[in-house]
Each structure stands twice: as structure tokens, then as C-alpha cells.
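Visitor: My structure is stored as work.cif, with mmCIF, C-alpha atoms.
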data_final
loop_
_atom_site.label_atom_id
_atom_site.label_comp_id
_atom_site.auth_asym_id
_atom_site.auth_seq_id
_atom_site.Cartn_x
_atom_site.Cartn_y
_atom_site.Cartn_z
CA MET A 1 21.34 -2.83 0.53
CA THR A 2 22.16 -4.27 1.36
CA LYS A 3 21.93 -4.29 -2.59
CA LEU A 4 21.75 -1.80 -1.32
CA LEU A 5 19.61 -4.40 0.25
CA LEU A 6 17.88 -3.13 -2.36
CA HIS A 7 19.07 -4.73 -4.82
CA LEU A 8 18.24 -7.57 -2.84
CA ALA A 9 15.03 -7.39 -4.65
CA LEU A 10 16.66 -7.02 -8.06
CA ALA A 11 18.71 -10.09 -7.23
CA ILE A 12 15.68 -12.17 -6.30
CA ALA A 13 15.08 -14.65 -9.07
CA ALA A 14 11.93 -16.17 -7.68
CA GLN A 15 10.15 -18.47 -10.09
CA THR A 16 6.40 -18.95 -10.35
CA GLY A 17 5.36 -22.25 -8.81
CA ASP A 18 2.09 -24.04 -8.16
CA LYS A 19 -0.67 -21.44 -8.39
CA ASP A 20 -2.49 -23.06 -5.46
CA ALA A 21 0.58 -23.19 -3.22
CA PRO A 22 0.95 -20.49 -0.54
CA ARG A 23 3.24 -17.63 -1.55
CA GLU A 24 6.69 -17.64 0.02
CA ARG A 25 7.45 -14.89 2.52
CA ASN A 26 10.20 -12.39 1.76
CA PRO A 27 13.21 -13.32 3.95
CA LEU A 28 14.06 -9.63 4.38
CA ALA A 29 10.46 -8.60 5.10
CA PRO A 30 8.45 -11.50 6.55
CA SER A 31 5.19 -9.56 6.41
CA LEU A 32 5.38 -9.46 2.61
CA THR A 33 5.31 -12.18 -0.01
CA LEU A 34 8.42 -12.68 -2.09
CA PRO A 35 7.89 -11.27 -5.60
CA THR A 36 8.51 -13.58 -8.51
CA LYS A 37 11.15 -12.57 -11.01
CA GLU A 38 8.42 -11.41 -13.38
CA GLU A 39 6.72 -9.33 -10.69
CA SER A 40 9.98 -7.70 -9.66
CA GLU A 41 10.76 -6.78 -13.26
CA ARG A 42 7.25 -5.35 -13.69
CA TYR A 43 7.58 -3.21 -10.56
CA GLU A 44 10.90 -1.91 -11.81
CA LYS A 45 9.42 -1.07 -15.22
CA VAL A 46 6.48 0.79 -13.65
CA ILE A 47 8.83 2.89 -11.51
CA ASN A 48 11.10 3.69 -14.45
CA ARG A 49 8.10 4.78 -16.53
CA PHE A 50 6.86 6.96 -13.68
CA ILE A 51 10.24 8.69 -13.47
CA GLN A 52 10.13 9.28 -17.22
CA PHE A 53 6.64 10.74 -16.85
CA ASP A 54 7.60 12.94 -13.93
CA ILE A 55 10.61 14.48 -15.69
CA GLY A 56 8.60 15.13 -18.85
CA GLN A 57 9.86 12.36 -21.10
CA LEU A 58 6.56 10.47 -21.14
CA LYS A 59 3.50 12.57 -21.92
CA GLY A 60 -0.19 12.36 -22.78
CA GLY A 61 -2.10 9.16 -22.26
CA GLU A 62 1.02 7.10 -21.74
CA GLY A 63 2.19 9.47 -19.04
CA LYS A 64 -1.13 9.30 -17.20
CA LYS A 65 -1.10 5.51 -17.46
CA ALA A 66 2.43 5.42 -16.01
CA TYR A 67 1.36 7.56 -13.04
CA ASP A 68 -1.76 5.46 -12.40
CA GLU A 69 0.28 2.25 -12.46
CA PHE A 70 2.79 3.77 -10.06
CA LYS A 71 0.04 4.69 -7.59
CA ARG A 72 -1.23 1.10 -7.65
CA LEU A 73 2.14 -0.48 -6.78
CA PRO A 74 1.71 -2.80 -3.76
CA ALA A 75 3.83 -2.96 -0.63
CA GLU A 76 5.66 -5.93 -2.15
CA ALA A 77 7.34 -3.43 -4.51
CA ILE A 78 9.06 -1.67 -1.58
CA PHE A 79 12.62 -2.65 -2.51
CA GLU A 80 12.17 -1.64 -6.15
CA LEU A 81 10.71 1.65 -4.87
CA ILE A 82 13.76 2.22 -2.70
CA GLU A 83 16.05 1.59 -5.64
CA GLY A 84 13.99 3.99 -7.74
CA PHE A 85 14.13 6.59 -4.95
CA ASN A 86 17.92 6.32 -4.72
CA ARG A 87 18.21 6.67 -8.47
CA ALA A 88 15.82 9.63 -8.59
CA ALA A 89 17.69 11.31 -5.72
CA ASN A 90 20.69 11.63 -8.02
CA LEU A 91 18.65 13.46 -10.65
CA GLU A 92 18.31 17.23 -10.87
CA HIS A 93 14.55 16.99 -11.28
CA SER A 94 12.73 17.61 -8.03
CA CYS A 95 9.50 15.63 -8.23
CA PRO A 96 10.38 11.93 -8.77
CA ALA A 97 12.41 11.55 -5.57
CA VAL A 98 9.80 13.39 -3.52
CA VAL A 99 6.82 11.38 -4.80
CA ILE A 100 8.62 8.03 -4.53
CA GLY A 101 9.91 8.93 -1.07
CA GLN A 102 6.41 9.75 0.11
CA LYS A 103 5.08 6.43 -1.18
CA ILE A 104 7.89 4.57 0.62
CA LEU A 105 6.98 6.28 3.89
CA ARG A 106 3.29 5.45 3.47
CA ILE A 107 4.11 1.78 3.05
CA LEU A 108 6.54 1.66 5.96
CA ASN A 109 4.36 3.68 8.32
CA SER A 110 1.56 1.16 7.87
CA SER A 111 3.85 -1.82 8.53
CA ASP A 112 4.60 -3.61 11.81
CA ASP A 113 7.48 -5.55 10.25
CA LEU A 114 10.76 -4.71 12.02
CA GLU A 115 12.81 -6.73 9.55
CA LEU A 116 11.35 -4.71 6.68
CA LEU A 117 12.18 -1.46 8.48
CA MET A 118 15.74 -2.60 9.17
CA SER A 119 16.23 -3.58 5.53
CA ALA A 120 14.79 -0.26 4.36
CA LYS A 121 17.02 1.67 6.75
CA GLU A 122 20.10 0.00 5.33
CA SER A 123 19.00 0.56 1.73
CA VAL A 124 17.62 4.10 1.56
CA GLY A 125 20.32 6.48 0.36
CA SER A 126 22.69 3.79 -0.89
CA GLY A 127 24.70 5.17 -3.78
CA VAL A 128 23.15 8.65 -3.50
CA THR A 129 25.74 11.37 -4.14
CA GLY A 130 23.50 14.23 -5.28
CA LYS A 131 22.75 17.00 -2.78
CA ARG A 132 19.54 18.37 -4.28
CA HIS A 133 17.34 15.85 -2.45
CA LYS A 134 19.27 15.72 0.80
CA GLY A 135 16.21 17.00 2.68
CA MET A 136 13.88 14.33 1.30
CA LEU A 137 16.49 11.65 1.93
CA HIS A 138 16.74 12.78 5.55
CA GLU A 139 12.94 12.80 5.84
CA VAL A 140 12.64 9.20 4.66
CA GLN A 141 15.49 7.98 6.85
CA THR A 142 14.09 9.78 9.89
CA GLY A 143 10.61 8.41 9.21
CA ILE A 144 11.98 4.87 9.19
CA LEU A 145 13.79 5.40 12.49
CA LEU A 146 10.69 6.85 14.13
CA ARG A 147 8.48 3.96 13.01
CA LYS A 148 11.13 1.43 14.04
CA GLY A 149 11.47 3.00 17.48
CA ALA A 150 7.71 3.02 18.01
CA LEU A 151 7.46 -0.68 17.17
CA GLN A 152 10.34 -1.57 19.46
CA ARG A 153 8.76 0.29 22.36
CA GLN A 154 5.48 -1.48 21.60
CA ALA A 155 7.25 -4.85 21.61
CA LEU A 156 8.82 -4.25 25.01
CA ALA A 157 5.67 -2.83 26.59
CA GLY A 158 3.15 -5.29 25.17
CA GLY A 159 4.98 -8.59 25.38
CA GLY A 160 3.46 -9.85 22.14
CA GLY A 161 5.16 -7.25 19.99
CA PRO A 162 4.48 -6.14 16.41
CA THR A 163 3.01 -8.63 13.92
CA GLY A 164 1.92 -10.83 16.85
CA GLU A 165 5.41 -12.19 17.48
CA SER A 166 7.03 -12.49 20.89
CA ASN A 167 10.58 -13.04 19.67
CA LEU A 168 11.20 -10.26 17.17
CA THR A 169 14.88 -9.91 16.38
CA ASP A 170 16.63 -6.59 15.85
CA ARG A 171 20.39 -6.75 15.58
CA ASN A 172 20.56 -2.99 16.15
CA PHE A 173 18.39 -2.93 19.28
CA ALA A 174 21.10 -3.55 21.87
CA GLY A 175 19.94 -7.14 22.37
CA LYS A 176 16.77 -6.07 24.21
CA LEU A 177 14.46 -8.10 21.99
CA LEU A 178 14.67 -11.86 22.27
CA ILE A 179 16.85 -13.87 19.95
CA GLY A 180 16.21 -17.55 19.43
CA PRO A 181 18.79 -19.74 21.17
CA ARG A 182 19.66 -21.66 18.02
CA ASP A 183 20.47 -18.44 16.11
CA LYS A 184 22.49 -17.13 19.05
CA SER A 185 24.52 -20.36 19.19
CA LEU A 186 25.26 -20.13 15.46
CA GLY A 187 26.66 -16.65 16.01
CA ALA A 188 29.27 -18.10 18.34
CA LEU A 189 30.52 -20.66 15.81
CA PRO A 190 33.77 -20.07 13.89
CA LEU A 191 33.55 -19.56 10.14
CA ALA A 192 35.09 -22.96 9.40
CA GLU A 193 32.35 -24.76 11.36
CA LEU A 194 29.58 -22.78 9.63
CA LEU A 195 31.07 -23.63 6.24
CA LYS A 196 31.21 -27.31 7.18
CA ARG A 197 27.59 -27.35 8.37
CA SER A 198 26.41 -25.58 5.22
CA GLU A 199 27.40 -28.71 3.30
CA THR A 200 25.22 -31.07 5.31
CA GLU A 201 22.27 -29.17 6.81
CA LYS A 202 18.93 -28.82 5.05
CA GLY A 203 15.73 -26.81 5.22
CA GLU A 204 15.26 -24.12 7.84
CA GLN A 205 18.48 -24.97 9.67
CA LEU A 206 20.44 -24.46 6.43
CA LYS A 207 18.72 -21.08 6.01
CA ARG A 208 19.82 -20.09 9.51
CA ILE A 209 23.38 -21.15 8.77
CA LEU A 210 23.45 -19.23 5.48
CA THR A 211 22.00 -16.17 7.21
CA GLU A 212 24.79 -16.28 9.78
CA LEU A 213 27.40 -16.89 7.08
CA GLU A 214 26.23 -13.79 5.22
CA LYS A 215 27.29 -11.68 8.20
CA ARG A 216 30.88 -12.99 8.01
CA ASP A 217 33.69 -11.92 5.69
CA GLY A 218 35.98 -13.74 3.30
CA PRO A 219 36.13 -15.39 -0.14
CA LYS A 220 34.61 -18.60 1.22
CA VAL A 221 31.44 -16.74 2.15
CA PHE A 222 30.92 -15.59 -1.44
CA GLU A 223 31.69 -19.07 -2.74
CA THR A 224 29.30 -20.80 -0.34
CA LEU A 225 26.42 -18.40 -0.96
CA ALA A 226 26.96 -18.70 -4.72
CA ILE A 227 26.91 -22.49 -4.54
CA ALA A 228 23.72 -22.32 -2.46
CA THR A 229 22.01 -20.37 -5.27
CA LYS A 230 22.25 -23.60 -7.28
CA HIS A 231 20.83 -25.80 -4.50
CA GLU A 232 18.44 -28.55 -5.55
CA ASN A 233 15.78 -26.98 -3.32
CA GLY A 234 14.23 -24.00 -5.11
CA ASP A 235 13.37 -22.33 -1.80
CA ILE A 236 17.03 -22.42 -0.73
CA GLN A 237 18.05 -21.11 -4.15
CA LYS A 238 15.89 -17.99 -3.86
CA PHE A 239 16.83 -17.43 -0.23
CA SER A 240 20.54 -17.65 -1.10
CA GLN A 241 20.18 -15.26 -4.04
CA THR A 242 18.76 -12.66 -1.68
CA LEU A 243 21.55 -13.19 0.86
CA LEU A 244 24.21 -13.01 -1.84
CA ALA A 245 22.84 -9.72 -3.14
CA LYS A 246 22.83 -8.35 0.41
CA HIS A 247 26.43 -9.49 0.93
CA VAL A 248 27.62 -7.97 -2.34
CA SER A 249 25.96 -4.66 -1.47
CA ARG A 250 28.36 -4.22 1.45
CA GLU A 251 31.46 -4.25 -0.74
CA ASN A 252 33.31 -1.05 -1.60
CA PRO A 253 33.87 -0.07 -5.27
CA THR A 254 37.31 -1.69 -5.45
CA GLN A 255 36.03 -4.97 -4.05
CA LEU A 256 33.00 -4.82 -6.33
CA LYS A 257 35.31 -4.48 -9.32
CA ASP A 258 36.98 -7.77 -8.41
CA LEU A 259 33.60 -9.47 -7.95
CA LEU A 260 32.65 -8.60 -11.53
CA LYS A 261 35.37 -11.10 -12.51
CA HIS A 262 34.43 -13.77 -9.96
CA GLU A 263 34.41 -17.36 -11.17
CA GLU A 264 30.88 -17.95 -9.87
CA PRO A 265 28.17 -16.60 -12.24
CA ALA A 266 25.85 -15.79 -9.32
CA VAL A 267 28.48 -13.48 -7.83
CA ARG A 268 29.11 -11.75 -11.18
CA LEU A 269 25.36 -11.29 -11.58
CA ALA A 270 24.92 -9.74 -8.13
CA ALA A 271 27.98 -7.52 -8.64
CA ALA A 272 26.78 -6.30 -12.04
CA ARG A 273 23.39 -5.36 -10.61
CA GLU A 274 25.01 -3.63 -7.66
CA ALA A 275 27.30 -1.58 -9.91
CA GLY A 276 24.27 -0.35 -11.83
CA ALA A 277 22.25 0.35 -8.71
CA LYS A 278 25.02 2.46 -7.19
CA LYS A 279 26.12 3.90 -10.55
CA ILE A 280 29.70 2.79 -10.00
CA ARG A 281 31.65 3.41 -13.20
CA HIS A 282 33.25 0.00 -13.69
CA VAL A 283 32.41 0.43 -17.35
CA SER A 284 35.22 -1.68 -18.85
CA GLU A 285 34.39 -4.62 -16.61
CA LEU A 286 30.68 -4.39 -17.41
CA ILE A 287 31.44 -4.26 -21.12
CA ASP A 288 33.39 -7.50 -20.74
CA LEU A 289 30.30 -9.14 -19.24
CA ILE A 290 28.10 -8.38 -22.24
CA ASN A 291 29.33 -11.65 -23.71
CA ASP A 292 29.39 -13.58 -20.43
CA ALA A 293 28.61 -17.29 -20.58
CA GLU A 294 25.48 -16.73 -18.48
CA PRO A 295 22.54 -14.92 -20.19
CA ALA A 296 21.41 -13.41 -16.88
CA VAL A 297 24.84 -11.85 -16.39
CA GLN A 298 24.80 -10.52 -19.97
CA LYS A 299 21.45 -8.82 -19.39
CA ALA A 300 22.46 -7.38 -16.02
CA ALA A 301 25.71 -6.00 -17.46
CA HIS A 302 23.84 -4.25 -20.28
CA GLN A 303 21.23 -2.78 -17.93
CA SER A 304 23.91 -1.54 -15.55
CA LEU A 305 25.89 0.05 -18.37
CA VAL A 306 22.81 2.03 -19.34
CA GLN A 307 22.20 3.01 -15.71
CA VAL A 308 25.79 4.09 -15.16
CA THR A 309 26.44 5.93 -18.44
CA GLY A 310 23.03 7.17 -19.54
CA VAL A 311 23.57 5.88 -23.09
CA ASP A 312 22.69 2.58 -24.75
CA HIS A 313 24.81 0.81 -27.35
CA GLY A 314 22.99 -2.52 -27.01
CA PRO A 315 22.75 -5.41 -27.34
CA SER A 316 19.12 -6.58 -27.24
CA ASP A 317 18.27 -9.42 -24.88
CA ASP A 318 17.91 -11.90 -27.74
CA ALA A 319 21.04 -10.78 -29.62
CA SER A 320 23.29 -13.36 -31.24
CA PHE A 321 26.89 -13.91 -30.21
CA GLY A 322 28.02 -11.82 -33.17
CA ASP A 323 25.65 -9.00 -32.29
CA ARG A 324 26.98 -9.01 -28.74
CA GLN A 325 30.51 -8.73 -30.04
CA THR A 326 29.44 -5.77 -32.16
CA ALA A 327 27.81 -4.14 -29.16
CA GLN A 328 30.95 -4.70 -27.11
CA ARG A 329 33.04 -3.01 -29.78
CA GLN A 330 30.66 -0.03 -29.91
CA TRP A 331 30.71 0.31 -26.14
CA ARG A 332 34.50 0.17 -26.05
CA GLU A 333 34.86 2.74 -28.82
CA TRP A 334 32.46 5.05 -27.01
CA TRP A 335 34.25 4.53 -23.70
CA GLU A 336 37.61 5.32 -25.28
CA LYS A 337 36.20 8.62 -26.54
CA GLN A 338 35.08 9.48 -23.02
CA GLY A 339 38.63 9.10 -21.81
CA LYS A 340 37.63 6.14 -19.62
CA ARG A 341 36.47 8.36 -16.82
#
What is this structure when it is put down as C-alpha cells?

Guide:
Amino acid sequence: MTKLLLHLALAIAAQTGDKDAPRERNPLAPSLTLPTKEESERYEKVINRFIQFDIGQLKGGEGKKAYDEFKRLPAEAIFELIEGFNRAANLEHSCPAVVIGQKILRILNSSDDLELLMSAKESVGSGVTGKRHKGMLHEVQTGILLRKGALQRQALAGGGGPTGESNLTDRNFAGKLLIGPRDKSLGALPLAELLKRSETEKGEQLKRILTELEKRDGPKVFETLAIATKHENGDIQKFSQTLLAKHVSRENPTQLKDLLKHEEPAVRLAAAREAGAKKIRHVSELIDLINDAEPAVQKAAHQSLVQVTGVDHGPSDDASFGDRQTAQRQWREWWEKQGKR
């Protein structure tokens, strides 16, 4: 995503602020509010429970409750739904991927948000290697393209465009929709100049610079985005976390393996989540992160190990240092028995 852009959403660490303050918009889907960390985790839990219900692991009243909660998921859960769809598409069971895919299409077909559609297009199918659900995967991807094309034609014909905007941007639309002059000028700047400006600019202009930086390549891009996740402005922090997750999602498995050892905790966190989302078997590296200095990285490494291997040797989220060492030893012993493959 693009975190799969997807994982975009799993990388969002939005914190709950003033209850009376307006909700921040999602930078990858301006028509939607940005979920808080707690909301994102709840969406993910609901989807996981629905998958368990649909493959027969969760039955009775609990199963019905899981299905009801899944049906009530709002549009703001779209990126968690896409991650769940990609995960379900690698399963042999037929129903989860189909039902989740249909819900994704319902949300997207009722949206006029081109940025959301572009993000979804980049995310759907990321990490999917199974062939059983190839048809459903194609159906979702085609549905996104059809909706996107309809909105673009509407924007050109109507002047005002979808969502009431006259300057919708689509980097894949051959430049036919208008792009703001400031953003266009940033695209012409060399990397060194963007890096320099990222140290001095603030607010919306800093967001534009970081957005342009995310499109570039090189170690300095990772470093700058990681530093921005610790910005004194909470809004910039959350925005940068999303961009960093998106940037990490573009890396191939070999590059991702190196990022799991990056000196910046934010990069290790995004890489650990991405490895789990795409089920990339960097098991040894993830085991090393179980005792990372950052609790968020520890938790992400454990969750990804479970996603990648299908087994769980711990530790719990509140485990002591000693318990984490024990869990690491158990994971390594298990991995040795698997022949490290």
C-alpha cells in the first residue's frame, strides 16, 4: 500500500484529542476522518473475528456477534478491510474474501473521493499469492477502476468535479486534472532542496514537502520521514507516519529485510507491520525485534510473526524483559525445527 497503502492504516498512530475538536481528515482519503489508533485496532479486531467466524472457528452467539459487528464497520475502516481482504485471499476458504471484497466495493462505489480510490487501487491485492480468489480480486480491482474512471469523466465534464472540488489531483490521469502550482513546483525541486526545506517549513507547506519527498528514493527519505514522525506538532507526526508506511510498502522483500534493522524505530515499526501484512518470511529478523527498545516495535514484531507463521510463541504485550527473552528463545527453537524456510 502502499502498506500496501494499506498498511498505511495499520501504521497510523492517531491519538485521541479534544473531544470537541473537529476530526482530522485522512491524508490518503480526504472524504474520511482519520481513525485514532484505538479505532484502527478495533476495526482490525472486528475483521479478524469475522474471518474466524466465516471459516468456522468462531461459532454460536460469538460468531453471530462477530458477523453483526463486521456488517456495521464504517467507511473509515476501508484500509483495514483491504488488509483483511488481502489476507483472506490467501486462505483456502472461499467466503471471507468474497464477503470482505463485496463490502469494499460497496464503500468505494458510494464514494466520490478520487484519492481514496487511488489508494485502494494500489493496496488491493498487495501480498496476495493464492490463486483461489483470483476472480474476486479481479472483480474488486476492476470495480475500483470503473468507479475511478466515472469520477474522472464527471470532473472533466462538470467543472466542479467529485466532492465539490475543482482541482482534484490524480497522478495517474495523464495530467488532465488540475494540479496546484505550488505542488507542481515542488515536484521540480531536487531531493537535496526538499530535504533542506523539510528542516525549516511548517504546517501545510511542510506536509506538501513531505508528500513530495515520499515519492523520491534513497536513505535520506526514510530518515527524514522517520524524524518527522517525532515532530512537535501532533498533526505532522500522524501525517508522517502514514507517509512512512506508504513508502515502506513500496520496498521489495530484500529491502524490507534491511529496514527491519534500521536505526530509526519508526522505520522498524513500519517494516515489521509490512512484513506481516505481506506475509514475508523474515522470521529471524522479526524474532530479533521482540525485544526491541521500542514497545510498539515489539508488539508489531510479535503480531507479524503470528501472521507470517500461523503459530504463536508469545510474548504477551505486558511481558517482562525476561519473558520476552524466553519467547525469543522459543521462537528461535521452533524456527530451527522448521529448517528456517

Visitor: Taking (18.9, -24.8, 6.6) as a centre in this file's frame and 12 Å as the limit, can you find every polymer residue with an atom that close, using all atoms listed in the file, and give them as a PyMOL selection string?

Guide: chain A and resi 182-183+186+194+197-213+228+231+233+235-237+239-240

Visitor: I need the residue set behind the PyMOL selection byres ((chain A and resi 304-318) around 6) for this file; please write it as a list in words.

Guide: Gly276, Lys279, Ala301, His302, Gln303, Ala319, Arg324 and Ala327 of chain A

Visitor: For the structure provided, state which residues fall under the PyMOL selection byres ((chain A and resi 269) around 12), and present them as a short mmCIF file (atom, residue, chain, number, x, y, z; two decimals) with C-alpha atoms, keeping the file's coordinate frame.

Guide:
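Written out: expr_25.cif:
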data_model
loop_
_atom_site.label_atom_id
_atom_site.label_comp_id
_atom_site.auth_asym_id
_atom_site.auth_seq_id
_atom_site.Cartn_x
_atom_site.Cartn_y
_atom_site.Cartn_z
CA LYS A 3 21.93 -4.29 -2.59
CA HIS A 7 19.07 -4.73 -4.82
CA LEU A 8 18.24 -7.57 -2.84
CA LEU A 10 16.66 -7.02 -8.06
CA ALA A 11 18.71 -10.09 -7.23
CA ILE A 12 15.68 -12.17 -6.30
CA ALA A 13 15.08 -14.65 -9.07
CA ALA A 226 26.96 -18.70 -4.72
CA THR A 229 22.01 -20.37 -5.27
CA GLN A 241 20.18 -15.26 -4.04
CA THR A 242 18.76 -12.66 -1.68
CA LEU A 244 24.21 -13.01 -1.84
CA ALA A 245 22.84 -9.72 -3.14
CA VAL A 248 27.62 -7.97 -2.34
CA LEU A 256 33.00 -4.82 -6.33
CA LEU A 259 33.60 -9.47 -7.95
CA LEU A 260 32.65 -8.60 -11.53
CA LYS A 261 35.37 -11.10 -12.51
CA HIS A 262 34.43 -13.77 -9.96
CA GLU A 263 34.41 -17.36 -11.17
CA GLU A 264 30.88 -17.95 -9.87
CA PRO A 265 28.17 -16.60 -12.24
CA ALA A 266 25.85 -15.79 -9.32
CA VAL A 267 28.48 -13.48 -7.83
CA ARG A 268 29.11 -11.75 -11.18
CA ALA A 270 24.92 -9.74 -8.13
CA ALA A 271 27.98 -7.52 -8.64
CA ALA A 272 26.78 -6.30 -12.04
CA ARG A 273 23.39 -5.36 -10.61
CA GLU A 274 25.01 -3.63 -7.66
CA ALA A 275 27.30 -1.58 -9.91
CA GLY A 276 24.27 -0.35 -11.83
CA LEU A 286 30.68 -4.39 -17.41
CA LEU A 289 30.30 -9.14 -19.24
CA ILE A 290 28.10 -8.38 -22.24
CA ASP A 292 29.39 -13.58 -20.43
CA ALA A 293 28.61 -17.29 -20.58
CA GLU A 294 25.48 -16.73 -18.48
CA PRO A 295 22.54 -14.92 -20.19
CA ALA A 296 21.41 -13.41 -16.88
CA VAL A 297 24.84 -11.85 -16.39
CA GLN A 298 24.80 -10.52 -19.97
CA LYS A 299 21.45 -8.82 -19.39
CA ALA A 300 22.46 -7.38 -16.02
CA ALA A 301 25.71 -6.00 -17.46
CA HIS A 302 23.84 -4.25 -20.28
CA GLN A 303 21.23 -2.78 -17.93
CA SER A 304 23.91 -1.54 -15.55
#

Visitor: Give me the residues near A:Arg25 as a PyMOL selection string, where near means some atom within 12 Å (using only C-alpha atoms) and where sequence neighbours in that chain fewer than 4 positions away do not count.

Guide: chain A and resi 14+29-36+76+116+235+238-239

Visitor: What gap, in Å, lies between atom CA of A:Gly84 and atom CA of A:Glu69?

Guide: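 Separation between atom CA of A:Gly84 and atom CA of A:Glu69: 14.6 Å.
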
Visitor: Please evaluate the PyMOL selection byres ((chain A and resi 126) around 12) against the structure above and give the resulting residues as a PyMOL selection string.

Guide: chain A and resi 1-7+82-90+119-125+127-130+137+141+249-252+274-280
